[in-house]
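Note: the block below is target-v9.cif and it holds mmCIF, C-alpha atoms and all ligand atoms.
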```
data_my_file
loop_
_atom_site.label_atom_id
_atom_site.label_comp_id
_atom_site.auth_asym_id
_atom_site.auth_seq_id
_atom_site.Cartn_x
_atom_site.Cartn_y
_atom_site.Cartn_z
CA MET A 1 -73.66 56.47 27.99
CA THR A 2 -74.19 53.72 25.40
CA THR A 3 -73.06 54.12 21.82
CA GLU A 4 -76.65 54.49 20.74
CA GLN A 5 -77.25 57.29 23.21
CA LEU A 6 -74.02 58.91 22.10
CA ASN A 7 -75.06 58.79 18.43
CA ASN A 8 -78.34 60.43 19.36
CA VAL A 9 -76.50 63.20 21.14
CA VAL A 10 -74.26 63.81 18.11
CA ASN A 11 -77.29 63.89 15.81
CA VAL A 12 -78.98 66.44 17.99
CA ILE A 13 -75.84 68.59 17.99
CA GLU A 14 -75.55 68.50 14.21
CA GLY A 15 -79.18 69.43 13.86
CA GLU A 16 -80.57 71.82 16.40
CA ALA A 17 -77.69 71.81 18.88
CA GLU A 18 -78.78 70.92 22.36
CA CYS A 19 -76.56 70.35 25.40
CA TRP A 20 -76.15 66.59 25.95
CA SER A 21 -76.34 67.13 29.70
CA CYS A 22 -78.94 69.82 30.46
CA SER A 23 -80.71 70.05 27.05
CA ALA A 24 -80.21 73.80 26.81
CA ALA A 25 -80.22 75.17 23.25
CA LEU A 26 -76.75 75.84 21.86
CA ALA A 27 -75.09 77.21 18.76
CA VAL A 28 -73.52 74.26 16.94
CA SER A 29 -70.06 75.81 17.17
CA GLU A 30 -70.14 76.22 20.96
CA HIS A 31 -67.58 74.06 22.70
CA PHE A 32 -69.21 74.43 26.12
CA CYS A 33 -72.80 74.71 27.24
CA SER A 34 -73.56 78.28 28.25
CA THR A 35 -76.03 77.01 30.86
CA CYS A 36 -74.29 74.12 32.64
CA GLY A 37 -70.75 74.70 31.35
CA LYS A 38 -70.21 71.10 30.21
CA VAL A 39 -67.90 70.34 27.30
CA GLN A 40 -69.86 69.37 24.18
CA PRO A 41 -69.26 66.47 21.76
CA VAL A 42 -66.77 66.93 18.96
CA ARG A 43 -68.12 67.48 15.49
CA PRO A 44 -66.24 68.05 12.23
CA MET A 45 -65.67 71.73 11.54
CA THR A 46 -63.17 73.93 9.76
CA HIS A 47 -60.35 75.64 11.65
CA PHE A 48 -62.19 78.93 11.12
CA GLU A 49 -65.41 77.54 12.57
CA PHE A 50 -63.53 76.12 15.54
CA PHE A 51 -62.66 79.67 16.59
CA GLY A 52 -66.07 80.99 15.61
CA LEU A 53 -64.51 82.94 12.73
CA ARG A 54 -65.82 83.67 9.28
CA LYS A 55 -63.78 82.33 6.36
CA LYS A 56 -61.65 85.46 5.99
CA LEU A 57 -57.90 85.89 5.72
CA ASN A 58 -57.47 89.06 7.72
CA LEU A 59 -57.85 88.18 11.37
CA ASN A 60 -56.85 89.60 14.71
CA GLU A 61 -53.80 87.50 15.60
CA LYS A 62 -53.62 88.81 19.20
CA GLN A 63 -57.26 87.89 19.75
CA LEU A 64 -56.69 84.47 18.20
CA GLN A 65 -53.80 83.84 20.58
CA LYS A 66 -55.89 84.91 23.57
CA GLU A 67 -58.69 82.54 22.57
CA PHE A 68 -56.20 79.75 22.04
CA TYR A 69 -54.83 80.11 25.58
CA ALA A 70 -58.29 80.45 27.09
CA LEU A 71 -59.54 77.31 25.32
CA SER A 72 -56.36 75.38 26.17
CA ARG A 73 -56.98 76.08 29.84
CA LYS A 74 -60.65 75.18 29.68
CA LEU A 75 -59.92 71.91 27.85
CA HIS A 76 -56.96 70.90 30.01
CA PRO A 77 -57.11 67.20 31.13
CA ASP A 78 -56.82 68.23 34.80
CA VAL A 79 -60.21 69.93 34.51
CA TYR A 80 -61.75 66.61 33.45
CA ALA A 81 -60.02 64.35 35.98
CA ARG A 82 -63.40 63.50 37.56
CA ALA A 83 -65.60 63.95 34.51
CA THR A 84 -67.28 61.15 32.56
CA ALA A 85 -65.29 59.11 30.05
CA ASN A 86 -67.09 60.91 27.20
CA GLU A 87 -66.20 64.34 28.49
CA GLN A 88 -62.57 63.27 28.93
CA GLU A 89 -62.53 61.96 25.37
CA TRP A 90 -64.22 65.06 23.92
CA SER A 91 -61.88 67.44 25.72
CA LEU A 92 -58.86 65.53 24.38
CA GLN A 93 -60.23 65.51 20.84
CA LYS A 94 -61.08 69.19 21.05
CA THR A 95 -57.59 69.96 22.32
CA SER A 96 -56.16 68.28 19.27
CA GLN A 97 -58.60 70.20 16.99
CA LEU A 98 -57.62 73.38 18.83
CA ASN A 99 -53.89 72.84 18.33
CA ASP A 100 -54.31 72.08 14.62
CA ALA A 101 -56.57 75.07 14.10
CA TYR A 102 -54.29 77.47 15.95
CA ARG A 103 -51.08 76.25 14.29
CA THR A 104 -52.69 76.71 10.87
CA LEU A 105 -54.45 80.03 11.41
CA LYS A 106 -51.69 81.88 13.28
CA ASP A 107 -49.26 81.47 10.35
CA PRO A 108 -50.07 83.80 7.41
CA VAL A 109 -48.85 81.38 4.73
CA ALA A 110 -50.37 78.26 6.32
CA ARG A 111 -53.66 80.13 6.79
CA THR A 112 -53.70 81.13 3.12
CA GLN A 113 -52.89 77.60 1.97
CA TYR A 114 -55.61 76.24 4.23
CA LEU A 115 -58.23 78.62 2.87
CA LEU A 116 -57.23 77.72 -0.67
CA SER A 117 -57.51 74.03 0.17
CA LEU A 118 -61.03 74.66 1.52
CA GLU A 119 -61.75 76.20 -1.88
CA GLY A 120 -60.50 73.02 -3.54
CA ILE A 121 -57.07 74.27 -4.62
CA GLN A 122 -54.02 72.05 -4.11
CA LEU A 123 -50.75 73.95 -4.28
CA GLU A 124 -47.50 72.63 -5.73
CA GLU A 125 -46.04 73.14 -2.28
CA GLN A 126 -48.42 70.54 -0.92
CA SER A 127 -46.93 67.86 -3.14
CA LYS A 128 -43.66 68.34 -1.28
CA SER A 129 -43.19 64.59 -0.90
CA ALA A 130 -43.20 64.27 -4.70
CA THR A 131 -40.58 67.02 -4.92
CA ASP A 132 -38.42 65.31 -2.31
CA ALA A 133 -38.71 61.97 -4.10
CA ALA A 134 -37.63 63.61 -7.37
CA ARG A 135 -34.71 65.20 -5.57
CA GLN A 136 -33.54 61.91 -4.10
CA SER A 137 -33.68 60.10 -7.42
CA GLY A 138 -31.65 62.98 -8.92
CA GLU A 139 -34.44 63.98 -11.29
CA GLU A 140 -34.97 67.58 -12.21
CA LYS A 141 -37.72 69.18 -10.20
CA LYS A 142 -40.92 69.64 -12.18
CA GLN A 143 -41.66 73.04 -10.65
CA ALA A 144 -41.86 75.71 -13.36
CA VAL A 145 -39.61 78.76 -12.99
CA PRO A 146 -41.67 81.88 -12.35
CA PRO A 147 -41.02 84.07 -15.45
CA GLU A 148 -39.79 87.09 -13.47
CA LEU A 149 -37.08 84.92 -11.91
CA LEU A 150 -35.80 83.32 -15.13
CA GLU A 151 -32.74 85.50 -15.46
CA GLU A 152 -31.71 85.26 -11.83
CA VAL A 153 -32.21 81.51 -11.80
CA PHE A 154 -30.09 81.16 -14.93
CA GLU A 155 -27.25 83.17 -13.33
CA LEU A 156 -27.59 81.29 -10.09
CA ASN A 157 -27.35 77.90 -11.78
CA MET A 158 -24.13 78.97 -13.49
CA GLN A 159 -22.65 80.11 -10.16
CA LEU A 160 -23.72 76.90 -8.44
CA GLN A 161 -22.22 74.92 -11.31
CA GLU A 162 -18.92 76.77 -10.94
CA LEU A 163 -18.78 75.92 -7.26
CA LYS A 164 -19.57 72.29 -8.00
CA MET A 165 -16.67 72.12 -10.41
CA GLY A 166 -14.53 72.61 -7.35
CA GLU A 167 -13.71 76.26 -7.81
CA ARG A 168 -13.64 78.31 -4.64
CA ASP A 169 -13.63 81.57 -6.52
CA PRO A 170 -14.25 84.38 -3.98
CA GLU A 171 -16.15 86.29 -6.62
CA THR A 172 -18.57 83.40 -7.18
CA ILE A 173 -19.07 83.09 -3.45
CA ALA A 174 -19.75 86.82 -3.18
CA GLN A 175 -22.30 86.53 -5.99
CA LEU A 176 -24.02 83.70 -4.19
CA GLU A 177 -24.09 85.72 -0.97
CA SER A 178 -25.74 88.55 -2.84
CA ALA A 179 -28.22 86.16 -4.52
CA LYS A 180 -29.09 84.89 -1.05
CA LYS A 181 -29.84 88.43 0.17
CA SER A 182 -31.93 89.13 -2.90
CA PHE A 183 -34.03 85.99 -2.41
CA GLU A 184 -34.53 86.74 1.27
CA GLN A 185 -35.70 90.21 0.36
CA LYS A 186 -38.11 88.79 -2.22
CA LEU A 187 -39.61 86.53 0.46
CA ASP A 188 -40.14 89.55 2.74
CA GLU A 189 -41.75 91.52 -0.07
CA SER A 190 -44.03 88.64 -0.96
CA SER A 191 -45.46 88.72 2.57
CA PHE A 192 -46.66 92.28 2.01
CA GLU A 193 -47.99 91.36 -1.40
CA LEU A 194 -49.90 88.43 0.08
CA ARG A 195 -51.78 90.78 2.42
CA LYS A 196 -52.98 92.79 -0.56
CA TYR A 197 -54.62 89.66 -1.97
CA TRP A 198 -56.14 88.89 1.45
CA ASP A 199 -57.91 92.25 1.27
CA ALA A 200 -59.07 91.42 -2.24
CA TRP A 201 -60.41 88.01 -1.14
CA ASP A 202 -62.03 89.29 2.05
CA GLY A 203 -63.72 92.15 0.24
CA ALA A 204 -64.71 90.23 -2.89
CA LYS A 205 -68.31 90.93 -3.89
CA ASP A 206 -68.63 88.19 -6.50
CA GLN A 207 -67.13 84.87 -7.50
CA GLU A 208 -65.07 86.42 -10.25
CA SER A 209 -63.22 88.70 -7.81
CA GLU A 210 -62.75 85.78 -5.42
CA LYS A 211 -61.33 83.67 -8.19
CA LYS A 212 -58.96 86.43 -9.26
CA ALA A 213 -57.66 86.88 -5.70
CA MET A 214 -57.22 83.11 -5.34
CA ASP A 215 -55.27 82.88 -8.60
CA GLN A 216 -52.98 85.66 -7.40
CA MET A 217 -52.44 83.92 -4.06
CA VAL A 218 -51.69 80.60 -5.75
CA ALA A 219 -49.13 82.23 -8.08
CA LEU A 220 -47.54 84.05 -5.16
CA LEU A 221 -47.34 80.98 -2.91
CA ASN A 222 -45.84 78.92 -5.70
CA ARG A 223 -43.28 81.66 -6.31
CA ARG A 224 -42.49 81.73 -2.58
CA SER A 225 -41.98 78.01 -2.46
CA TYR A 226 -39.76 78.23 -5.54
CA ILE A 227 -37.64 80.93 -3.90
CA ARG A 228 -37.42 78.93 -0.66
CA ASN A 229 -36.03 75.98 -2.62
CA LEU A 230 -33.49 78.27 -4.32
CA LEU A 231 -32.45 79.64 -0.94
CA ARG A 232 -31.96 76.12 0.33
CA ASP A 233 -29.71 75.32 -2.65
CA VAL A 234 -27.69 78.52 -2.18
CA ASN A 235 -27.28 77.94 1.55
CA SER A 236 -26.11 74.39 1.11
CA ALA A 237 -23.66 75.41 -1.66
CA LEU A 238 -22.30 78.18 0.57
CA SER A 239 -21.87 75.91 3.57
CA GLU A 240 -20.06 73.32 1.41
CA ALA A 241 -17.78 76.02 0.05
CA ALA A 242 -17.00 77.42 3.50
ZN ZN B 1 -75.80 72.19 29.49
#
```

Represent the structure contained in this file as structure tokens.
Amino acid sequence: MTTEQLNNVVNVIEGEAECWSCSAALAVSEHFCSTCGKVQPVRPMTHFEFFGLRKKLNLNEKQLQKEFYALSRKLHPDVYARATANEQEWSLQKTSQLNDAYRTLKDPVARTQYLLSLEGIQLEEQSKSATDAARQSGEEKKQAVPPELLEEVFELNMQLQELKMGERDPETIAQLESAKKSFEQKLDESSFELRKYWDAWDGAKDQESEKKAMDQMVALLNRRSYIRNLLRDVNSALSEAA
């Protein structure tokens, strides 16, 4: 197939969706022709669209996994050993789309972040490289302390400071161990809380409710990422003190 022919095929798919091989009518999101079974050209789509899902946060994870395995098998390079160069290329590109989509959607936090990014929201977490750069240059991190953690963070910083001063006070170490447990518990609890906001987003009847749910998810994910950083600090202090 020449490039020009290929472009025509892609245009048809984006418009009325027609199989490049047998011209049967197709839904644009179909990866294979339901008539001749041939793999279809790749087109840009969201991870949700790739799996034929609506843009909702609650999803059937077992079903998603089943579809992932089924598509992996159908797109496997062995299947295309004797196919045309285009089909080989499309199946490889679709495999890569599939892996990205599955990795993102199967993880509750990654799925939430992805949906928020589709809605145009960039989280602090996503500027992780900036945080790491600040860390390396010894700058204070710019991340704001979530208000409900202020007291604990204050205490924690004092305990970390004490350890840094070279004191191996068993009481300080015990306090850090207990801070670690408390942060781990907060992370667990935040997972349950996140699901509440999923329900609010999925069931939102108007933009205002959607916006409210998104704001709550953003605050929660930022808090989670803050707690994860604290945990990392506590763990490294504890392993140095050991
Ligand atoms: Zn066909």

**Report entry** Neighbour list for segment 191-194 of chain A as a ChimeraX atom specification, cut-off 12 Å, all atoms listed in the file, skip fewer than 3 positions in-chain
**Finding:** /A:57-58,107-113,184-188,197-201,213-224

Report summary line: Phe50 of chain A proximity check over A:Ser209, A:Gln175, A:Thr95, A:Gln88, using only C-alpha atoms: winner is A:Thr95

Distance limit 8 Å, reference ligand ZN 1 (chain B), atoms considered: all atoms listed in the file. Which residues make the cut? Give them as a PDB file with C-alpha atoms, in the coordinates of the input.
```
ATOM      1  CA  GLU A  18     -78.780  70.920  22.360  1.00  0.00           C
ATOM      2  CA  CYS A  19     -76.560  70.350  25.400  1.00  0.00           C
ATOM      3  CA  TRP A  20     -76.150  66.590  25.950  1.00  0.00           C
ATOM      4  CA  SER A  21     -76.340  67.130  29.700  1.00  0.00           C
ATOM      5  CA  CYS A  22     -78.940  69.820  30.460  1.00  0.00           C
ATOM      6  CA  SER A  23     -80.710  70.050  27.050  1.00  0.00           C
ATOM      7  CA  ALA A  24     -80.210  73.800  26.810  1.00  0.00           C
ATOM      8  CA  PHE A  32     -69.210  74.430  26.120  1.00  0.00           C
ATOM      9  CA  CYS A  33     -72.800  74.710  27.240  1.00  0.00           C
ATOM     10  CA  SER A  34     -73.560  78.280  28.250  1.00  0.00           C
ATOM     11  CA  THR A  35     -76.030  77.010  30.860  1.00  0.00           C
ATOM     12  CA  CYS A  36     -74.290  74.120  32.640  1.00  0.00           C
ATOM     13  CA  GLY A  37     -70.750  74.700  31.350  1.00  0.00           C
ATOM     14  CA  LYS A  38     -70.210  71.100  30.210  1.00  0.00           C
TER      15      LYS A  38
END
```

Requested in this report: Would you mind reading off the distance between atom CA of Ala27 of chain A and atom CA of Leu98 of chain A, one decimal, in Å?
Outcome: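 Pair atom CA of Ala27 of chain A / atom CA of Leu98 of chain A returns 17.9 Å.
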
Report task. Kindly give the distance, in Å, that separates atom CA of Glu210 of chain A and atom CA of Leu53 of chain A, rounded to a single decimal. Result -> 18.5 Å

Report task. Find, counting all atoms listed in the file, the residue in A:Tyr69, A:Leu231, A:Leu26, A:Thr46 that gets nearest to Ser117 of chain A. Result ->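 Selected residue with least distance to Ser117 of chain A: A:Thr46.
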
For segment 198-211 of chain A, what centre and edge lengths in Å (one decimal) does the axis-aligned box get once 8 Å is added on each side of all its listed atoms, as lines of an AutoDock Vina configuration file?
```
center_x = -62.4
center_y = 88.0
center_z = -4.1
size_x = 28.5
size_y = 24.6
size_z = 28.3
```

Report task. Choose the residue, out of A:Val39, A:Ala204, A:Leu176, A:Leu64, that has the smallest atom-to-atom separation from Leu105 of chain A; count all atoms listed in the file. Result ->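 Among A:Val39, A:Ala204, A:Leu176, A:Leu64, it is A:Leu64 that comes nearest to Leu105 of chain A.
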
Requested in this report: Can you work out which one of A:Ser239, A:Ser190, A:Ser72, A:Gln161 has the shortest atom-to-atom distance to Ser225 of chain A, counting all atoms listed in the file?
Outcome: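 Closest to Ser225 of chain A, using all atoms listed in the file: A:Ser190.
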
**Report entry** Protein, DNA and RNA residues within 10 Å of (-57.4, 78.6, 18.5), all atoms listed in the file, as a PyMOL selection string
**Finding:** chain A and resi 47-48+50-52+63-72+95+97-106
